[in-house]
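Undergrad: I am sharing protein_21.txt, which consists of compact mmCIF, C-alpha atoms:
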# COMPACT_ATOMS: atom_id res chain seq x y z
CA MET A 294 24.52 26.47 -69.18
CA ASN A 295 25.61 22.83 -69.40
CA GLY A 296 23.84 21.85 -66.21
CA VAL A 297 22.21 18.65 -65.06
CA HIS A 298 18.86 20.16 -66.01
CA ASP A 299 19.77 19.64 -69.69
CA MET A 300 18.76 15.99 -69.61
CA GLY A 301 17.88 15.06 -73.18
CA GLY A 302 19.71 11.86 -74.11
CA MET A 303 21.31 11.17 -70.71
CA ASP A 304 21.32 7.53 -69.62
CA GLY A 305 20.91 5.92 -66.24
CA PHE A 306 17.81 7.57 -64.78
CA GLY A 307 15.79 4.39 -65.00
CA LYS A 308 12.21 3.67 -65.90
CA VAL A 309 9.39 6.16 -66.15
CA GLU A 310 7.03 5.42 -63.29
CA PRO A 311 3.51 6.67 -63.85
CA GLU A 312 1.54 6.89 -60.61
CA PRO A 313 -2.07 5.72 -60.91
CA ASN A 314 -4.54 8.38 -59.76
CA GLU A 315 -1.75 10.80 -58.95
CA PRO A 316 -2.96 13.63 -56.73
CA MET A 317 -2.44 17.19 -57.95
CA PHE A 318 -0.16 17.84 -54.97
CA HIS A 319 1.45 15.17 -52.81
CA VAL A 320 1.81 17.49 -49.82
CA ASP A 321 0.22 20.85 -49.06
CA TRP A 322 3.42 22.89 -49.20
CA GLU A 323 3.83 22.07 -52.90
CA ALA A 324 0.68 24.03 -53.65
CA ARG A 325 1.90 27.00 -51.56
CA VAL A 326 5.21 27.01 -53.47
CA LEU A 327 3.45 26.92 -56.83
CA ALA A 328 1.22 29.82 -55.77
CA MET A 329 4.09 31.91 -54.36
CA VAL A 330 6.16 31.50 -57.52
CA ARG A 331 3.21 32.49 -59.72
CA ALA A 332 2.31 35.41 -57.47
CA MET A 333 5.79 36.90 -57.08
CA GLY A 334 6.42 36.52 -60.81
CA ALA A 335 3.15 38.26 -61.62
CA ALA A 336 3.99 41.03 -59.16
CA GLY A 337 7.12 41.70 -61.18
CA ALA A 338 9.83 40.37 -58.85
CA PHE A 339 11.31 38.29 -61.68
CA ASN A 340 10.56 36.95 -65.15
CA ILE A 341 10.00 33.27 -66.01
CA ASP A 342 13.41 32.87 -67.64
CA THR A 343 15.19 34.20 -64.57
CA SER A 344 13.26 31.81 -62.37
CA ARG A 345 14.23 28.88 -64.63
CA PHE A 346 17.87 29.97 -64.43
CA TYR A 347 17.81 29.98 -60.63
CA ARG A 348 16.53 26.40 -60.63
CA GLU A 349 19.20 25.35 -63.14
CA THR A 350 21.96 26.85 -61.03
CA LEU A 351 21.10 24.83 -57.94
CA PRO A 352 24.13 22.62 -57.17
CA PRO A 353 23.83 19.44 -59.30
CA HIS A 354 23.45 17.12 -56.31
CA VAL A 355 20.68 19.32 -54.93
CA TYR A 356 18.93 19.54 -58.30
CA LEU A 357 19.01 15.78 -58.81
CA SER A 358 17.89 14.86 -55.30
CA SER A 359 15.11 17.42 -54.85
CA SER A 360 11.50 16.93 -55.84
CA TYR A 361 10.08 19.28 -58.48
CA TYR A 362 8.47 21.80 -56.14
CA LYS A 363 11.45 21.66 -53.78
CA LYS A 364 13.55 22.92 -56.70
CA TRP A 365 10.99 25.65 -57.29
CA PHE A 366 11.14 26.60 -53.62
CA LEU A 367 14.95 26.68 -53.37
CA GLY A 368 15.17 28.72 -56.58
CA LEU A 369 12.51 31.14 -55.36
CA GLU A 370 14.12 31.73 -51.99
CA GLU A 371 17.57 32.38 -53.47
CA MET A 372 16.20 34.63 -56.22
CA LEU A 373 14.20 36.79 -53.80
CA ILE A 374 17.24 37.19 -51.54
CA GLU A 375 19.59 38.09 -54.37
CA LYS A 376 17.12 40.59 -55.79
CA GLY A 377 16.71 42.29 -52.41
CA TYR A 378 13.09 41.38 -51.67
CA LEU A 379 14.11 39.68 -48.45
CA THR A 380 17.23 38.81 -46.49
CA ARG A 381 18.88 35.70 -45.13
CA GLN A 382 18.30 37.08 -41.65
CA GLU A 383 14.56 37.23 -42.33
CA ILE A 384 14.60 33.66 -43.63
CA ALA A 385 16.41 32.54 -40.47
CA ALA A 386 13.99 34.45 -38.24
CA GLY A 387 10.88 33.42 -40.19
CA HIS A 388 9.62 37.00 -40.07
CA ALA A 389 9.96 40.30 -41.89
CA MET A 390 12.61 42.54 -40.34
CA GLN A 391 13.22 45.16 -43.00
CA ALA A 392 11.09 47.46 -45.10
CA PRO A 393 9.82 45.86 -48.33
CA LYS A 394 11.28 46.58 -51.75
CA ALA A 395 8.75 48.01 -54.21
CA LEU A 396 7.33 45.46 -56.66
CA LYS A 397 7.02 46.48 -60.32
CA HIS A 398 3.32 45.55 -60.46
CA GLY A 399 2.47 46.05 -56.80
CA LYS A 400 1.11 43.67 -54.23
CA PHE A 401 -0.33 40.41 -55.52
CA ASP A 402 -3.90 40.40 -54.28
CA LEU A 403 -7.16 38.64 -55.13
CA ASN A 404 -7.87 40.96 -58.05
CA GLN A 405 -4.74 39.70 -59.82
CA VAL A 406 -5.61 36.01 -59.79
CA GLU A 407 -7.83 35.83 -62.86
CA ARG A 408 -5.28 37.40 -65.20
CA ILE A 409 -2.52 34.94 -64.35
CA MET A 410 -4.61 31.87 -65.11
CA VAL A 411 -3.79 32.38 -68.78
CA ARG A 412 -0.16 32.03 -69.79
CA GLY A 413 1.59 35.30 -70.49
CA LYS A 414 2.19 36.50 -74.02
CA PHE A 415 5.82 36.43 -75.07
CA ALA A 416 5.28 37.22 -78.75
CA ARG A 417 6.81 40.55 -79.80
CA PRO A 418 6.96 42.64 -82.99
CA ALA A 419 9.74 41.56 -85.34
CA PRO A 420 12.84 43.80 -85.16
CA ALA A 421 14.11 42.36 -88.49
CA PRO A 422 12.90 39.97 -91.20
CA ALA A 423 13.26 36.24 -90.52
CA LYS A 424 16.58 34.80 -91.69
CA PHE A 425 15.26 31.31 -92.36
CA ASN A 426 12.40 29.91 -94.41
CA ILE A 427 10.39 26.79 -93.85
CA GLY A 428 12.27 23.90 -95.48
CA ASP A 429 15.72 25.46 -94.96
CA ARG A 430 18.48 23.17 -93.75
CA VAL A 431 20.09 24.64 -90.67
CA ARG A 432 22.79 23.61 -88.24
CA ALA A 433 22.37 24.12 -84.51
CA LYS A 434 25.36 26.10 -83.32
CA ASN A 435 27.96 24.43 -81.17
CA ILE A 436 27.76 26.94 -78.33
CA HIS A 437 28.17 26.41 -74.60
CA PRO A 438 27.06 29.56 -72.82
CA THR A 439 27.56 29.43 -69.07
CA THR A 440 24.35 31.42 -68.64
CA HIS A 441 20.75 30.42 -69.44
CA THR A 442 19.94 29.04 -72.86
CA ARG A 443 17.10 27.00 -74.36
CA LEU A 444 19.33 25.23 -76.88
CA PRO A 445 19.65 21.67 -75.56
CA ARG A 446 23.08 20.05 -75.78
CA TYR A 447 21.93 17.01 -77.73
CA VAL A 448 21.19 18.97 -80.91
CA ARG A 449 24.28 21.20 -80.93
CA GLY A 450 26.32 20.81 -84.10
CA HIS A 451 23.59 18.79 -85.82
CA LEU A 452 21.75 19.45 -89.08
CA GLY A 453 18.01 19.91 -89.06
CA VAL A 454 15.19 21.30 -91.18
CA VAL A 455 13.06 24.34 -90.37
CA GLU A 456 9.47 23.13 -90.17
CA LEU A 457 7.48 25.92 -88.49
CA ASN A 458 7.97 29.62 -87.89
CA HIS A 459 6.32 30.81 -84.66
CA GLY A 460 7.09 34.52 -85.07
CA CYS A 461 9.22 36.67 -82.76
CA HIS A 462 9.41 36.06 -79.02
CA VAL A 463 11.23 37.30 -75.97
CA PHE A 464 14.73 35.75 -76.09
CA PRO A 465 15.19 33.70 -72.90
CA ASP A 466 18.99 33.90 -73.02
CA SER A 467 18.79 37.70 -72.63
CA ALA A 468 15.71 37.89 -70.44
CA ALA A 469 17.06 35.43 -67.88
CA MET A 470 20.08 37.67 -67.31
CA GLU A 471 17.85 40.78 -67.21
CA LEU A 472 19.51 42.14 -70.33
CA GLY A 473 16.21 43.03 -71.99
CA GLU A 474 13.72 41.13 -74.11
CA ASN A 475 15.84 41.15 -77.31
CA PRO A 476 13.03 39.47 -79.35
CA GLN A 477 14.12 36.77 -81.80
CA TRP A 478 12.46 34.59 -84.42
CA LEU A 479 11.47 31.18 -83.17
CA TYR A 480 11.37 28.07 -85.37
CA THR A 481 10.52 24.42 -84.95
CA VAL A 482 13.58 22.57 -86.28
CA VAL A 483 13.33 18.84 -86.86
CA PHE A 484 16.26 16.43 -86.63
CA GLU A 485 16.57 12.80 -87.75
CA GLY A 486 16.93 10.51 -84.74
CA ARG A 487 19.93 8.76 -86.32
CA ASP A 488 21.73 12.07 -86.86
CA LEU A 489 21.42 12.73 -83.14
CA TRP A 490 22.00 9.26 -81.72
CA GLY A 491 24.02 7.45 -84.37
CA THR A 492 23.32 4.44 -86.53
CA ASP A 493 22.07 2.39 -83.57
CA GLY A 494 19.31 4.93 -83.09
CA ASP A 495 15.66 4.29 -83.91
CA PRO A 496 15.31 4.73 -87.72
CA THR A 497 11.71 5.90 -87.35
CA LEU A 498 12.52 8.69 -84.89
CA LYS A 499 12.41 12.40 -85.58
CA VAL A 500 12.95 14.95 -82.81
CA SER A 501 12.21 18.64 -82.95
CA ILE A 502 13.11 21.55 -80.74
CA ASP A 503 11.92 25.12 -80.82
CA ALA A 504 15.03 27.06 -81.68
CA PHE A 505 15.55 30.81 -81.54
CA GLU A 506 17.28 32.30 -84.57
CA PRO A 507 20.61 33.01 -82.81
CA TYR A 508 20.94 29.25 -82.15
CA LEU A 509 21.07 28.42 -85.86
CA ASP A 510 23.26 28.77 -88.95
CA LEU A 511 22.12 28.18 -92.51
CA ALA A 512 23.64 24.84 -93.58
CA MET B 79 8.81 4.06 -56.34
CA SER B 80 11.44 6.31 -57.84
CA HIS B 81 14.47 7.60 -55.99
CA ASP B 82 13.73 11.20 -56.94
CA HIS B 83 10.22 11.33 -55.49
CA ASP B 84 11.44 12.35 -52.06
CA HIS B 85 7.90 13.19 -51.01
CA HIS B 86 7.07 9.50 -51.24
CA HIS B 87 9.61 8.49 -48.67
CA HIS B 88 7.65 9.74 -45.68
CA ASP B 89 10.86 11.05 -44.26
CA HIS B 90 9.20 13.15 -41.62
CA SER B 91 12.24 15.10 -40.50
CA GLU B 92 13.07 16.20 -44.05
CA LEU B 93 9.45 16.86 -44.92
CA SER B 94 8.68 18.93 -41.88
CA GLU B 95 11.81 20.99 -42.39
CA THR B 96 10.70 21.85 -45.92
CA GLU B 97 7.20 22.56 -44.73
CA LEU B 98 8.50 24.92 -42.03
CA ARG B 99 10.70 26.73 -44.51
CA VAL B 100 7.84 27.14 -46.98
CA ARG B 101 5.59 28.50 -44.24
CA ALA B 102 8.31 30.89 -43.10
CA LEU B 103 8.70 32.21 -46.62
CA GLU B 104 4.97 32.78 -46.97
CA THR B 105 4.90 34.60 -43.63
CA ILE B 106 7.70 36.92 -44.73
CA LEU B 107 6.11 37.61 -48.14
CA THR B 108 2.81 38.36 -46.41
CA GLU B 109 4.30 40.56 -43.68
CA LYS B 110 6.22 42.55 -46.25
CA GLY B 111 3.02 43.17 -48.17
CA TYR B 112 4.11 41.37 -51.35
CA VAL B 113 1.29 38.83 -51.45
CA GLU B 114 -2.14 38.32 -49.96
CA PRO B 115 -2.57 34.72 -48.65
CA ALA B 116 -6.16 34.65 -49.92
CA ALA B 117 -4.82 35.32 -53.42
CA LEU B 118 -2.50 32.32 -53.07
CA ASP B 119 -5.49 30.23 -51.96
CA ALA B 120 -7.38 31.38 -55.05
CA ILE B 121 -4.52 30.39 -57.38
CA ILE B 122 -4.43 26.91 -55.86
CA GLN B 123 -8.19 26.58 -56.01
CA ALA B 124 -8.21 27.52 -59.68
CA TYR B 125 -5.67 24.81 -60.46
CA GLU B 126 -7.57 22.29 -58.38
CA THR B 127 -11.02 22.98 -59.78
CA LYS B 128 -10.95 24.85 -63.09
CA ILE B 129 -8.11 23.64 -65.21
CA GLY B 130 -7.39 20.05 -66.03
CA PRO B 131 -7.38 17.45 -68.79
CA HIS B 132 -11.15 17.83 -69.21
CA ASN B 133 -10.40 21.02 -71.17
CA GLY B 134 -8.19 19.19 -73.62
CA ALA B 135 -10.63 16.27 -73.83
CA ARG B 136 -13.43 18.58 -74.96
CA VAL B 137 -11.20 20.00 -77.69
CA VAL B 138 -10.18 16.56 -78.91
CA ALA B 139 -13.77 15.27 -78.93
CA LYS B 140 -14.86 18.28 -80.95
CA ALA B 141 -12.06 17.71 -83.44
CA TRP B 142 -13.17 14.08 -83.81
CA THR B 143 -16.71 15.10 -84.69
CA ASP B 144 -16.30 18.39 -86.56
CA PRO B 145 -13.93 18.28 -89.58
CA ALA B 146 -13.93 22.07 -90.00
CA PHE B 147 -12.93 22.55 -86.37
CA LYS B 148 -10.23 19.90 -86.69
CA LYS B 149 -8.77 21.66 -89.72
CA ALA B 150 -8.77 25.00 -87.90
CA LEU B 151 -7.26 23.38 -84.79
CA LEU B 152 -4.34 21.88 -86.71
CA GLU B 153 -3.75 25.18 -88.51
CA ASP B 154 -3.79 27.39 -85.40
CA GLY B 155 -4.53 25.68 -82.09
CA SER B 156 -4.80 28.80 -79.92
CA LYS B 157 -7.12 30.54 -82.39
CA ALA B 158 -9.42 27.55 -82.87
CA ILE B 159 -9.73 26.89 -79.13
CA GLY B 160 -10.40 30.59 -78.64
CA THR B 161 -13.66 30.15 -80.56
CA LEU B 162 -14.96 27.68 -77.95
CA GLY B 163 -16.54 29.40 -75.00
CA HIS B 164 -16.64 26.39 -72.71
CA VAL B 165 -12.94 25.63 -72.33
CA SER B 166 -10.38 27.72 -70.53
CA ARG B 167 -8.60 30.37 -72.53
CA VAL B 168 -5.18 29.53 -73.92
CA GLY B 169 -2.15 31.74 -74.09
CA ASP B 170 0.23 32.11 -76.98
CA HIS B 171 1.10 29.36 -79.36
CA LEU B 172 -0.60 26.11 -78.72
CA VAL B 173 0.33 23.76 -81.55
CA VAL B 174 -1.88 20.70 -82.04
CA VAL B 175 -0.29 17.67 -83.70
CA GLU B 176 -2.28 14.74 -85.04
CA ASN B 177 -1.57 11.08 -84.40
CA THR B 178 -2.23 8.78 -87.35
CA PRO B 179 -1.50 5.12 -88.11
CA GLU B 180 1.66 6.36 -89.89
CA ARG B 181 2.91 8.82 -87.29
CA HIS B 182 2.87 8.93 -83.50
CA ASN B 183 3.60 12.24 -81.77
CA MET B 184 4.92 12.54 -78.22
CA VAL B 185 5.69 15.66 -76.17
CA VAL B 186 8.49 16.24 -73.66
CA CYS B 187 10.38 19.13 -72.09
CA THR B 188 13.98 17.96 -71.68
CA LEU B 189 15.09 21.20 -70.02
CA CYS B 190 12.34 21.60 -67.42
CA SER B 191 8.58 21.12 -67.50
CA CYS B 192 6.93 23.03 -70.38
CA TYR B 193 3.40 21.69 -70.70
CA PRO B 194 0.03 22.96 -71.99
CA TRP B 195 -1.40 23.78 -68.53
CA GLU B 196 -4.52 25.41 -69.88
CA MET B 197 -5.48 22.22 -71.70
CA LEU B 198 -4.18 19.50 -69.37
CA GLY B 199 -3.78 21.09 -65.94
CA LEU B 200 -0.54 20.74 -64.00
CA PRO B 201 1.84 18.09 -65.34
CA PRO B 202 2.18 14.77 -63.50
CA VAL B 203 5.38 14.02 -61.56
CA TRP B 204 6.69 11.61 -64.19
CA TYR B 205 6.55 14.28 -66.90
CA LYS B 206 8.81 16.54 -64.81
CA ALA B 207 11.15 13.80 -63.59
CA SER B 208 14.57 12.76 -64.91
CA PRO B 209 13.68 9.36 -66.48
CA TYR B 210 11.12 10.85 -68.89
CA ARG B 211 13.05 14.02 -69.64
CA SER B 212 16.27 12.13 -70.40
CA ARG B 213 14.89 9.21 -72.42
CA ALA B 214 11.94 10.55 -74.41
CA VAL B 215 14.12 12.09 -77.13
CA LYS B 216 16.51 9.14 -77.44
CA ASP B 217 14.46 6.02 -76.73
CA PRO B 218 10.79 6.90 -77.11
CA ARG B 219 9.78 3.28 -77.75
CA GLY B 220 11.41 2.29 -74.48
CA VAL B 221 9.52 5.07 -72.71
CA LEU B 222 6.27 3.96 -74.34
CA ALA B 223 6.94 0.44 -73.08
CA ASP B 224 7.00 1.86 -69.54
CA PHE B 225 3.41 2.95 -70.27
CA ASN B 226 2.56 -0.47 -71.75
CA VAL B 227 2.20 1.12 -75.17
CA THR B 228 3.56 -0.68 -78.23
CA LEU B 229 3.58 0.81 -81.72
CA PRO B 230 4.05 -1.02 -85.03
CA LYS B 231 7.75 -1.09 -85.95
CA ASP B 232 7.37 1.13 -89.00
CA THR B 233 5.28 3.83 -87.34
CA GLU B 234 7.24 7.07 -87.41
CA ILE B 235 7.77 8.57 -83.97
CA ARG B 236 7.97 12.31 -83.72
CA VAL B 237 9.08 13.73 -80.40
CA TRP B 238 8.39 17.41 -79.77
CA ASP B 239 10.83 18.84 -77.24
CA SER B 240 9.00 21.83 -75.84
CA THR B 241 11.99 24.08 -75.26
CA ALA B 242 10.53 27.51 -75.83
CA GLU B 243 7.27 29.42 -75.92
CA THR B 244 5.31 26.83 -77.87
CA ARG B 245 3.12 24.30 -76.11
CA PHE B 246 2.09 21.10 -77.86
CA LEU B 247 -1.08 19.05 -77.60
CA VAL B 248 -1.42 15.66 -79.26
CA LEU B 249 -4.67 14.91 -81.05
CA PRO B 250 -5.01 11.15 -80.48
CA MET B 251 -6.67 8.80 -82.95
CA ARG B 252 -10.39 8.34 -82.51
CA PRO B 253 -11.05 4.85 -81.15
CA GLU B 254 -12.90 2.35 -83.28
CA GLY B 255 -16.43 1.47 -82.32
CA THR B 256 -17.44 5.06 -81.59
CA GLU B 257 -19.40 5.77 -84.76
CA GLY B 258 -22.28 8.08 -84.03
CA TRP B 259 -21.05 9.01 -80.54
CA GLY B 260 -21.59 12.56 -79.34
CA GLU B 261 -18.89 14.94 -78.15
CA GLU B 262 -19.53 14.47 -74.45
CA GLN B 263 -19.46 10.71 -74.67
CA LEU B 264 -16.28 10.82 -76.77
CA ALA B 265 -14.57 13.22 -74.36
CA GLU B 266 -14.74 10.53 -71.68
CA LEU B 267 -12.44 8.35 -73.77
CA VAL B 268 -9.73 11.03 -74.04
CA THR B 269 -7.02 10.54 -71.43
CA ARG B 270 -4.37 13.01 -70.37
CA ASP B 271 -1.63 10.63 -71.49
CA SER B 272 -3.20 10.31 -74.94
CA MET B 273 -2.85 14.08 -75.32
CA ILE B 274 0.86 13.91 -74.32
CA GLY B 275 1.45 10.96 -76.63
CA THR B 276 2.32 8.38 -73.97
CA GLY B 277 -1.00 6.62 -74.38
CA PHE B 278 -3.96 6.07 -76.67
CA ALA B 279 -7.53 7.20 -76.20
CA ARG B 280 -9.56 4.53 -74.40
CA THR B 281 -11.59 2.14 -76.49
CA PRO B 282 -15.27 1.77 -75.66
CA GLY B 283 -15.84 -0.72 -72.88
CA ALA B 284 -12.19 -0.76 -71.73
CA PRO B 285 -11.61 -0.11 -68.03
CA SER B 286 -10.77 3.50 -67.22
For the structure just supplied, provide its representation as structure tokens.
TA:
Amino acid sequence: MNGVHDMGGMDGFGKVEPEPNEPMFHVDWEARVLAMVRAMGAAGAFNIDTSRFYRETLPPHVYLSSSYYKKWFLGLEEMLIEKGYLTRQEIAAGHAMQAPKALKHGKFDLNQVERIMVRGKFARPAPAPAKFNIGDRVRAKNIHPTTHTRLPRYVRGHLGVVELNHGCHVFPDSAAMELGENPQWLYTVVFEGRDLWGTDGDPTLKVSIDAFEPYLDLA
Amino acid sequence: MSHDHDHHHHDHSELSETELRVRALETILTEKGYVEPAALDAIIQAYETKIGPHNGARVVAKAWTDPAFKKALLEDGSKAIGTLGHVSRVGDHLVVVENTPERHNMVVCTLCSCYPWEMLGLPPVWYKASPYRSRAVKDPRGVLADFNVTLPKDTEIRVWDSTAETRFLVLPMRPEGTEGWGEEQLAELVTRDSMIGTGFARTPGAPS
């Protein structure tokens, strides 16, 4: 979706402000939110693409004015309500009032912690041969899905070159909508900075994205 | 102080409301039997104590001292790191990209916050915030200036927008004046920012 989360190339956000000796969490609740998102995801309440989509669909003014973990929290709460794991009444009461909904992988307990400290594997067997070869010139499609996509706006319609092939992976556009994994080939596609940003752009700049095959046409 | 770091504002009414809501959610998840609070504690503890930029620093230092490892690392990052017992395991598809005098690599996630957690720990606030996400792909030299980093005019800048399942780690240039140094000593010069591409490795004797 063309949301405010798709920030590449937007102006006006100001300087990057590194914080010397930044703590891992600025307040304790941030750590609890991180842990709850990891735990409920691992328990099977949602997949990572769905959780990204819930954050992207926060109203733009909320997205832009909320800290990172606040966005995670708001997305988590809404997602768990919509998927039937809890209710708005329970949120308002601050307590459980209804029977739980079964989790795909069961309760998240201490025995589950070790396995989630390594990122999940999203590679899948190839359903078809790769369409593109390394070195191929490709054009990023000019598409504007209103649902989740990992094709950033700033490359749409532009020509690039396939540089790496990462194999087949779960397709986020399908997975986010719970339409199945629909594995697709994933490529690193590199674009000239001046093609993206015009002749005033930095002549030394190249930018790459990781593009799934359905995002690309052979040029 | 940036306008989007609302946790810096010490706005107690807003903060406490969020804190109450987060606690309420944890209570409900616990009462419904979805999560065990001790398991949440253990997740947080693992992030606080086990994973962090020291993992990436060990990998970089080894690459600086062992040409065969460096070659393997650039060919298949996940596989090469998998051969080292002393760093945390990595998931799928870690791609390591090498900085040289001719080319400077920098990593961003314009859509959210993709980051090589296993190698660098949790990303800093600036990495996940709007200024970096919006500008890194369009004006990387301007972003580098915010980090007090200046590159020669003709150095190619390659920005890797981490939009999918791949995670990227920058292999910074080995600082001069470190001939004969061992891996552990070298690892102390490797900063988190140098492995994102918004900084260089420290030079010997420079303040940390």
Undergrad: Hey, what's within 9 Å of Lys157 of chain B if we count all atoms listed in the file and toss same-chain stuff fewer than 3 positions away? As a PyMOL selection string, please?
TA: chain B and resi 150-151+153-154+160-161+168+171-172
Undergrad: When distances are computed from all atoms listed in the file, which of A:Lys376, A:His388, A:Arg430, A:Lys394 shows the smallest separation from chain B?
TA: A:His388
Undergrad: Excluding Asp304 of chain A and any residue of its chain fewer than 6 positions from it, enumerate the residues within 12 Å of it, using all atoms listed in the file, and give them as number ranges by chain.
TA: B: 208-217
Undergrad: Residues of chain A were defined as contacting chain B if any atom lay at most 6 Å from it, counting all atoms listed in the file; please report them as a PyMOL selection string.
TA: chain A and resi 298-303+306-309+311+322+328+358+360+387-389+393+400-403+411-412+414+443+497-503
Undergrad: Using C-alpha atoms, can you write the selected residues to a file as a PDB file, keeping the file's coordinate frame?
TA:
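File produced: again_10.pdb:
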ATOM      1  CA  HIS A 298      18.860  20.160 -66.010  1.00  0.00           C
ATOM      2  CA  ASP A 299      19.770  19.640 -69.690  1.00  0.00           C
ATOM      3  CA  MET A 300      18.760  15.990 -69.610  1.00  0.00           C
ATOM      4  CA  GLY A 301      17.880  15.060 -73.180  1.00  0.00           C
ATOM      5  CA  GLY A 302      19.710  11.860 -74.110  1.00  0.00           C
ATOM      6  CA  MET A 303      21.310  11.170 -70.710  1.00  0.00           C
ATOM      7  CA  PHE A 306      17.810   7.570 -64.780  1.00  0.00           C
ATOM      8  CA  GLY A 307      15.790   4.390 -65.000  1.00  0.00           C
ATOM      9  CA  LYS A 308      12.210   3.670 -65.900  1.00  0.00           C
ATOM     10  CA  VAL A 309       9.390   6.160 -66.150  1.00  0.00           C
ATOM     11  CA  PRO A 311       3.510   6.670 -63.850  1.00  0.00           C
ATOM     12  CA  TRP A 322       3.420  22.890 -49.200  1.00  0.00           C
ATOM     13  CA  ALA A 328       1.220  29.820 -55.770  1.00  0.00           C
ATOM     14  CA  SER A 358      17.890  14.860 -55.300  1.00  0.00           C
ATOM     15  CA  SER A 360      11.500  16.930 -55.840  1.00  0.00           C
ATOM     16  CA  GLY A 387      10.880  33.420 -40.190  1.00  0.00           C
ATOM     17  CA  HIS A 388       9.620  37.000 -40.070  1.00  0.00           C
ATOM     18  CA  ALA A 389       9.960  40.300 -41.890  1.00  0.00           C
ATOM     19  CA  PRO A 393       9.820  45.860 -48.330  1.00  0.00           C
ATOM     20  CA  LYS A 400       1.110  43.670 -54.230  1.00  0.00           C
ATOM     21  CA  PHE A 401      -0.330  40.410 -55.520  1.00  0.00           C
ATOM     22  CA  ASP A 402      -3.900  40.400 -54.280  1.00  0.00           C
ATOM     23  CA  LEU A 403      -7.160  38.640 -55.130  1.00  0.00           C
ATOM     24  CA  VAL A 411      -3.790  32.380 -68.780  1.00  0.00           C
ATOM     25  CA  ARG A 412      -0.160  32.030 -69.790  1.00  0.00           C
ATOM     26  CA  LYS A 414       2.190  36.500 -74.020  1.00  0.00           C
ATOM     27  CA  ARG A 443      17.100  27.000 -74.360  1.00  0.00           C
ATOM     28  CA  THR A 497      11.710   5.900 -87.350  1.00  0.00           C
ATOM     29  CA  LEU A 498      12.520   8.690 -84.890  1.00  0.00           C
ATOM     30  CA  LYS A 499      12.410  12.400 -85.580  1.00  0.00           C
ATOM     31  CA  VAL A 500      12.950  14.950 -82.810  1.00  0.00           C
ATOM     32  CA  SER A 501      12.210  18.640 -82.950  1.00  0.00           C
ATOM     33  CA  ILE A 502      13.110  21.550 -80.740  1.00  0.00           C
ATOM     34  CA  ASP A 503      11.920  25.120 -80.820  1.00  0.00           C
TER      35      ASP A 503
END
Undergrad: Could you tell me how far atom CA of Phe246 of chain B sits from atom CA of Gly494 of chain A, in Å to one decimal place?
TA: 24.2 Å
Undergrad: Extract, using only C-alpha atoms, all DNA, RNA and protein residues at most 10 Å from Phe147 of chain B, discarding same-chain residues fewer than 6 positions from it, and format them as a VMD selection string.
TA: chain B and resid 137 to 138 140 to 141 153 155 158 to 159 161
Undergrad: Please dump the current selection as a PDB file, in the coordinates of the input; keep C-alpha atoms.
TA:
ATOM      1  CA  VAL B 137     -11.200  20.000 -77.690  1.00  0.00           C
ATOM      2  CA  VAL B 138     -10.180  16.560 -78.910  1.00  0.00           C
ATOM      3  CA  LYS B 140     -14.860  18.280 -80.950  1.00  0.00           C
ATOM      4  CA  ALA B 141     -12.060  17.710 -83.440  1.00  0.00           C
ATOM      5  CA  GLU B 153      -3.750  25.180 -88.510  1.00  0.00           C
ATOM      6  CA  GLY B 155      -4.530  25.680 -82.090  1.00  0.00           C
ATOM      7  CA  ALA B 158      -9.420  27.550 -82.870  1.00  0.00           C
ATOM      8  CA  ILE B 159      -9.730  26.890 -79.130  1.00  0.00           C
ATOM      9  CA  THR B 161     -13.660  30.150 -80.560  1.00  0.00           C
TER      10      THR B 161
END
Undergrad: Please compute the atom CA of Tyr378 of chain A-atom CA of Leu396 of chain A distance, one decimal, in Å.
TA: 8.6 Å
Undergrad: Rounded to one decimal place, report the atom CA of Ile384 of chain A-atom CA of Glu407 of chain A distance in Å.
TA: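 It comes out at 29.6 Å.
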Undergrad: With distances taken over all atoms listed in the file, which of B:Thr127, B:Glu95, B:Thr281, B:Arg136 is nearest to Glu262 of chain B?
TA: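 Smallest distance to Glu262 of chain B is found for B:Arg136.
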Undergrad: So that I can check the surroundings of Lys424 of chain A, please list as a VMD selection string every protein, DNA and RNA residue that reaches within 9 Å of it, counting all atoms listed in the file and ignoring chain neighbours fewer than 2 positions away.
TA: chain A and resid 421 to 422 426 478 506 511
Undergrad: Around all the atoms of segment 424-442 of chain A listed in the file, with 6 Å of room on each side, what axis-aligned box do you get, giving centre and edge lengths in Å to one decimal, as AutoDock Vina command-line options?
TA:
--center_x 19.3 --center_y 29.0 --center_z -82.1 --size_x 29.8 --size_y 23.6 --size_z 38.8
Undergrad: Would you mind telling me which residue in A:Gly296, A:Gly399, A:Pro496, A:Gly491 lies nearest to Ala336 of chain A when using all atoms listed in the file?
TA: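 The answer is A:Gly399, which sits nearest to Ala336 of chain A.
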Undergrad: Please provide the set of residues having any atom within 7 Å of Thr442 of chain A, restricted to all atoms listed in the file, with same-chain residues fewer than 4 positions apart removed, written as a PyMOL selection string.
TA: chain A and resi 294+465-466
Undergrad: With all atoms listed in the file as the atoms that count, which of A:His462, A:Lys363, A:Arg325, A:Arg432 lies nearest to Val482 of chain A?
TA: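 Closest residue, counting all atoms listed in the file: A:Arg432.
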